[in-house]
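For reference, the structure discussed in these notes is given below.
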Amino acid sequence: MEGKYCYLKKSNEFHVTPKSNLDLYDKLPPGTYTVNYNSCRSEYYLEIIDDFVLKGKIYGDVPKTSDRILRTFMERRRSTGVLLVGEKGSGKTLLAQYMAIVAAKDHDIPTIVVNQPWHGDEFNLFIQSISQPAIIFFDEFEKVYKDDGEGQQEHMLTLFDGVYSSQKLFLLTCNDKNQLNDHLMNRPGRIYYLLEYGGLEPAFITEYCQDNLLQQEHIPTVCAISALFSSFNFDMLKAMVEDMNRYGESPAEVLKYLNVRPDVARREHYAVKLILGDKPASDSQNTWSGNPLKEVISIYNTVKETGNYKNHYFSPAHMQHLNTKTRVLQFKNGAGDVLVLTPVNVERFSVNYDTLPLLNDAVVNAETSDGGCTDNEEKKYEAMSMYTMY
């Protein structure tokens, strides 16, 4: 038995332990770990978990953004905080995982995942005891550390302040910025970078569609439709492309079925231009108020021969053009009537069109229906409603 055991000194105590249990490292090997706590020993420890694995092609500017953050972190030689904000599927977790993979591969930097609301001096000292550069990853930070009066987020401010000498990249993802402590915002000393994900960029959408969409002619349509969302995420794009490929349909057709709905909710006031045949309609109503992307539009004009009013109906599925800069919309229904709506106030859609410069004058090739050709106006309205994308 001699030689198989040794004495492990811990504080004023000596413990007999098999030598095979001792595996000492000067540095934490590159890999992925999570933080746990041993209540019996009153100490934090790290447990090895599976490394992040990304399958398939990486789209968009993920590599570029990752390189920038890691370069900044390595050159600052102190703790650096990065906050990634956006809905699920917007790409923030993809960036975080990509960064962890690159950091381990190129710089031997480990990633430590914090998925419980550990905090306090003991936790801070534990993180400080990891003297080498490391990524400390807080996924869905506002859900793990709730800002609910118990001060869980506020307890973390000291750690993020970088008062400890060790070099850490504090990487936080967040779905709802409104649930973050105010003291995290506008404080580069704590959170150096803030990246907000409002949805996929046109370049990302185009590149993905070029690789995966069978009917390439629909790519401009997919890009234009993405402008109708405040946050068009990867799950939406993937589902659209998958269903378009499966059924050989246009984007407008698959949106009738998918759980994907534009979230433009604000009513606006529009100047109306109604074209019947090849000529502007005389004595038509001048303005219309509502949400043209969620409502059936009814526009009337006066028939000269009878002096009676005649209604013309348009649904969101009849939209042909959307100018993402001027927000002018053009519709053409099944009867061949054309409607042009021009915003006349400063209210905007919930979409930030400034981020979509590539989509000016994009054409939405929505299918027209026969619903606008019925003689009975009441039935026409009902039929048109069946063809909305909502």
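Chain identifiers are assigned as A, B, and so on, following the order in which chains appear in the structure tokens; residues are numbered from 1 within each chain, and ligands are numbered from 1 in order of appearance.
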
Give me, as a Markdown table, each residue of segment 190-247 of chain A that comes within 12 Å of segment 275-293 of chain A, together with its shortest interatomic pair and the distance in Å at one decimal, counting only C-alpha atoms, with rows ordered by chain and rising residue number.
```
| residue | atom | partner | partner_atom | distance |
| --- | --- | --- | --- | --- |
| A:Ile225 | CA | A:Leu293 | CA | 10.8 |
| A:Ala227 | CA | A:Leu293 | CA | 11.8 |
| A:Leu228 | CA | A:Leu293 | CA | 8.4 |
| A:Phe229 | CA | A:Leu293 | CA | 10.9 |
```

Writer output for current selection, N, CA and C atoms, as a PDB file, in the first residue's frame:
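Contents of the output file result-v4.pdb:
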```
ATOM      1  N   ILE A 225     -39.877  41.321 -47.307  1.00  0.00           N
ATOM      2  CA  ILE A 225     -40.789  40.933 -46.237  1.00  0.00           C
ATOM      3  C   ILE A 225     -40.115  41.064 -44.884  1.00  0.00           C
ATOM      4  N   ALA A 227     -38.325  43.324 -43.900  1.00  0.00           N
ATOM      5  CA  ALA A 227     -38.398  44.722 -43.478  1.00  0.00           C
ATOM      6  C   ALA A 227     -39.689  45.034 -42.734  1.00  0.00           C
ATOM      7  N   LEU A 228     -40.657  44.134 -42.792  1.00  0.00           N
ATOM      8  CA  LEU A 228     -41.930  44.362 -42.111  1.00  0.00           C
ATOM      9  C   LEU A 228     -41.890  43.923 -40.661  1.00  0.00           C
ATOM     10  N   PHE A 229     -40.758  43.367 -40.223  1.00  0.00           N
ATOM     11  CA  PHE A 229     -40.620  42.879 -38.860  1.00  0.00           C
ATOM     12  C   PHE A 229     -39.658  43.771 -38.084  1.00  0.00           C
TER      13      PHE A 229
END
```

For segment 87-104 of chain A, find every residue with an atom within 6 Å (counting only C-alpha atoms), except residues of its own chain fewer than 2 positions away, and show them as a PDB file with C-alpha atoms, in the first residue's frame.
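To be explicit, this is the file written out as selection.pdb:
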```
ATOM      1  CA  PRO A  30      -9.055  25.392 -22.674  1.00  0.00           C
ATOM      2  CA  VAL A  62     -20.299  36.806 -36.771  1.00  0.00           C
ATOM      3  CA  SER A  66     -16.001  38.026 -32.812  1.00  0.00           C
ATOM      4  CA  LEU A  84     -25.632  41.179 -26.493  1.00  0.00           C
ATOM      5  CA  ASP A 106      -6.631  30.349 -31.063  1.00  0.00           C
ATOM      6  CA  HIS A 107      -5.808  31.651 -27.582  1.00  0.00           C
ATOM      7  CA  ASP A 108      -6.200  28.674 -25.187  1.00  0.00           C
ATOM      8  CA  ILE A 109      -8.873  30.646 -23.334  1.00  0.00           C
ATOM      9  CA  PRO A 110     -11.454  28.623 -21.354  1.00  0.00           C
ATOM     10  CA  ASN A 175     -33.611  39.033 -24.381  1.00  0.00           C
ATOM     11  CA  GLY A 199     -33.140  41.178 -36.662  1.00  0.00           C
ATOM     12  CA  ASN A 233     -34.856  36.221 -36.710  1.00  0.00           C
ATOM     13  CA  PHE A 234     -33.146  33.112 -38.023  1.00  0.00           C
ATOM     14  CA  ASP A 235     -35.958  30.795 -36.949  1.00  0.00           C
TER      15      ASP A 235
END
```

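Once Ser129 of chain A and its same-chain neighbours fewer than 4 positions away are set aside, Asn124, Leu125 and Ser166 of chain A remain within 9 Å of it when counting only C-alpha atoms.
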
field: Residues within 9 Å of Phe141 of chain A, only C-alpha atoms, excluding chain neighbours under 5 positions, as JSON, numbers by chain
entry: {"A": [115, 117, 146, 153, 172, 173, 174, 175, 180]}

Using DSSP on the backbone, list every residue of segment 23-110 of chain A that comes out as helix (DSSP H, G or I), and give them as a PDB file with C-alpha atoms, in the first residue's frame.
```pdb
ATOM      1  CA  VAL A  62     -20.299  36.806 -36.771  1.00  0.00           C
ATOM      2  CA  PRO A  63     -16.578  36.152 -37.475  1.00  0.00           C
ATOM      3  CA  LYS A  64     -15.843  39.856 -37.937  1.00  0.00           C
ATOM      4  CA  THR A  65     -17.614  40.864 -34.732  1.00  0.00           C
ATOM      5  CA  SER A  66     -16.001  38.026 -32.812  1.00  0.00           C
ATOM      6  CA  ASP A  67     -12.533  39.068 -33.998  1.00  0.00           C
ATOM      7  CA  ARG A  68     -13.139  42.661 -32.905  1.00  0.00           C
ATOM      8  CA  ILE A  69     -14.333  41.734 -29.418  1.00  0.00           C
ATOM      9  CA  LEU A  70     -11.529  39.238 -28.814  1.00  0.00           C
ATOM     10  CA  ARG A  71      -8.892  41.657 -30.090  1.00  0.00           C
ATOM     11  CA  THR A  72     -10.183  44.407 -27.817  1.00  0.00           C
ATOM     12  CA  PHE A  73     -10.234  42.024 -24.876  1.00  0.00           C
ATOM     13  CA  MET A  74      -6.676  40.800 -25.470  1.00  0.00           C
ATOM     14  CA  GLU A  75      -5.277  44.303 -25.946  1.00  0.00           C
ATOM     15  CA  ARG A  76      -6.990  45.916 -22.943  1.00  0.00           C
ATOM     16  CA  LYS A  92     -26.608  36.796 -30.081  1.00  0.00           C
ATOM     17  CA  THR A  93     -26.047  33.321 -28.627  1.00  0.00           C
ATOM     18  CA  LEU A  94     -24.523  32.198 -31.923  1.00  0.00           C
ATOM     19  CA  LEU A  95     -21.943  34.981 -31.622  1.00  0.00           C
ATOM     20  CA  ALA A  96     -21.218  34.106 -27.985  1.00  0.00           C
ATOM     21  CA  GLN A  97     -20.691  30.428 -28.762  1.00  0.00           C
ATOM     22  CA  TYR A  98     -18.583  31.193 -31.834  1.00  0.00           C
ATOM     23  CA  MET A  99     -16.404  33.480 -29.718  1.00  0.00           C
ATOM     24  CA  ALA A 100     -15.910  30.768 -27.101  1.00  0.00           C
ATOM     25  CA  ILE A 101     -14.839  28.273 -29.778  1.00  0.00           C
ATOM     26  CA  VAL A 102     -12.363  30.697 -31.365  1.00  0.00           C
ATOM     27  CA  ALA A 103     -10.981  31.807 -27.982  1.00  0.00           C
ATOM     28  CA  ALA A 104     -10.234  28.210 -26.998  1.00  0.00           C
ATOM     29  CA  LYS A 105      -8.760  27.260 -30.372  1.00  0.00           C
ATOM     30  CA  ASP A 106      -6.631  30.349 -31.063  1.00  0.00           C
ATOM     31  CA  HIS A 107      -5.808  31.651 -27.582  1.00  0.00           C
TER      32      HIS A 107
END
```

- prompt: Mind checking DSSP for segment 192-368 of chain A and telling me the strand (DSSP E or B) residues as an MDAnalysis selection string?
  reply: chainID A and resid 193:197 268:276 279:280 284 287:290 297:302 309:314 319:322 329:332 338:343 362:363

Keeping C-alpha atoms, export the residues of the selection given above as a compact mmCIF listing (two decimals), in the first residue's frame.
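What landed in result38.txt:
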```txt
# COMPACT_ATOMS: atom_id res chain seq x y z
CA TYR A 193 -19.58 46.83 -25.85
CA LEU A 194 -23.36 46.82 -26.29
CA LEU A 195 -24.66 45.07 -29.41
CA GLU A 196 -28.40 45.14 -30.08
CA TYR A 197 -29.86 42.60 -32.46
CA GLU A 268 -50.84 55.71 -39.73
CA HIS A 269 -52.49 58.34 -41.88
CA TYR A 270 -52.00 58.06 -45.64
CA ALA A 271 -52.69 60.12 -48.70
CA VAL A 272 -54.66 58.00 -51.17
CA LYS A 273 -54.14 57.63 -54.91
CA LEU A 274 -56.63 55.26 -56.52
CA ILE A 275 -56.06 54.17 -60.13
CA LEU A 276 -58.88 52.49 -62.04
CA LYS A 279 -56.40 56.67 -64.99
CA PRO A 280 -56.57 58.11 -61.48
CA SER A 284 -62.06 59.27 -54.55
CA THR A 287 -56.94 59.89 -46.99
CA TRP A 288 -57.03 56.57 -45.19
CA SER A 289 -56.01 55.71 -41.62
CA GLY A 290 -55.03 52.31 -40.35
CA ILE A 297 -58.37 48.45 -46.96
CA SER A 298 -61.63 49.90 -48.26
CA ILE A 299 -61.37 52.95 -50.56
CA TYR A 300 -64.40 54.57 -52.18
CA ASN A 301 -64.88 56.84 -55.17
CA THR A 302 -67.91 58.53 -56.72
CA TYR A 309 -70.18 55.61 -53.98
CA LYS A 310 -68.26 52.49 -55.02
CA ASN A 311 -65.88 50.69 -52.66
CA HIS A 312 -62.62 49.09 -53.74
CA TYR A 313 -60.91 46.57 -51.50
CA PHE A 314 -57.26 45.68 -51.03
CA MET A 319 -49.13 44.56 -51.83
CA GLN A 320 -46.81 44.82 -54.84
CA HIS A 321 -44.25 47.44 -53.84
CA LEU A 322 -42.82 48.63 -50.54
CA LEU A 329 -46.95 51.18 -50.47
CA GLN A 330 -48.58 50.07 -53.70
CA PHE A 331 -51.36 47.48 -53.99
CA LYS A 332 -53.09 45.86 -56.95
CA VAL A 338 -54.24 50.05 -58.05
CA LEU A 339 -53.86 51.83 -54.71
CA VAL A 340 -50.89 53.94 -53.67
CA LEU A 341 -50.62 54.94 -50.00
CA THR A 342 -48.20 57.69 -49.00
CA PRO A 343 -47.63 58.43 -45.28
CA ALA A 362 -37.87 46.19 -53.19
CA VAL A 363 -40.72 44.36 -54.85
```

- prompt: Near Tyr7 of chain A, counting only C-alpha atoms, which residues have an atom at most 7 Å away, once you skip same-chain residues fewer than 2 positions from it, shown as a list in words?
  reply: Lys9, Phe14, His15, Val16 and Thr17 of chain A

Export of prior selection with C-alpha atoms as an mmCIF file, in the first residue's frame:
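As written to disk, again.cif reads:
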```
data_model
loop_
_atom_site.group_PDB
_atom_site.id
_atom_site.type_symbol
_atom_site.label_atom_id
_atom_site.label_comp_id
_atom_site.auth_asym_id
_atom_site.auth_seq_id
_atom_site.Cartn_x
_atom_site.Cartn_y
_atom_site.Cartn_z
ATOM 1 C CA LYS A 9 -3.030 19.459 3.531
ATOM 2 C CA PHE A 14 -4.303 16.630 6.578
ATOM 3 C CA HIS A 15 -6.352 14.253 4.458
ATOM 4 C CA VAL A 16 -5.217 10.875 3.200
ATOM 5 C CA THR A 17 -5.987 10.594 -0.495
#
```

Point-to-point distance in Å for atom CA of Thr206 of chain A and atom CA of Glu295 of chain A: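 Calculated distance between atom CA of Glu295 of chain A and atom CA of Thr206 of chain A is 28.8 Å.
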
message: Need to verify the contact set: Pro188 of chain A, 12 Å, only C-alpha atoms, exclusion of same-chain residues closer than 5 positions in sequence. Can you return it as a ChimeraX atom specification?
response: /A:79-83,160-162,183,193-194

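Residues in contact with segment 245-247 of chain A at 10 Å, where only C-alpha atoms are counted and same-chain residues fewer than 4 positions away are skipped, are listed as A:Asn212, A:Leu213, A:Leu214, A:Gln215, A:Ala239, A:Met240, A:Val241, A:Glu253, A:Val254.
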
Generate a file of the selected residues that holds N, CA and C atoms, formatted as a short mmCIF file (atom, residue, chain, number, x, y, z; two decimals), in the first residue's frame.
```cif
data_model
loop_
_atom_site.label_atom_id
_atom_site.label_comp_id
_atom_site.auth_asym_id
_atom_site.auth_seq_id
_atom_site.Cartn_x
_atom_site.Cartn_y
_atom_site.Cartn_z
N ASN A 212 -29.55 28.04 -49.73
CA ASN A 212 -30.57 27.08 -49.31
C ASN A 212 -31.91 27.17 -50.05
N LEU A 213 -32.22 28.31 -50.65
CA LEU A 213 -33.52 28.47 -51.30
C LEU A 213 -33.47 27.96 -52.73
N LEU A 214 -34.40 27.07 -53.07
CA LEU A 214 -34.40 26.49 -54.41
C LEU A 214 -34.78 27.50 -55.48
N GLN A 215 -35.81 28.30 -55.21
CA GLN A 215 -36.27 29.30 -56.18
C GLN A 215 -35.61 30.64 -55.87
N ALA A 239 -37.67 28.75 -41.35
CA ALA A 239 -38.99 28.15 -41.57
C ALA A 239 -39.56 28.55 -42.93
N MET A 240 -39.39 29.83 -43.30
CA MET A 240 -39.89 30.28 -44.60
C MET A 240 -39.22 29.53 -45.73
N VAL A 241 -37.89 29.46 -45.69
CA VAL A 241 -37.15 28.78 -46.76
C VAL A 241 -37.51 27.30 -46.82
N GLU A 253 -47.30 33.06 -49.92
CA GLU A 253 -48.13 31.86 -49.76
C GLU A 253 -47.79 31.11 -48.48
N VAL A 254 -46.52 30.96 -48.16
CA VAL A 254 -46.16 30.21 -46.96
C VAL A 254 -46.50 30.99 -45.70
#
```

- prompt: Nearest to Tyr25 of chain A: which of A:Ile130, A:Met185, A:Leu54, A:Val328 is it, counting only C-alpha atoms?
  reply: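 Of A:Ile130, A:Met185, A:Leu54, A:Val328, the one nearest Tyr25 of chain A is A:Ile130, counting only C-alpha atoms.
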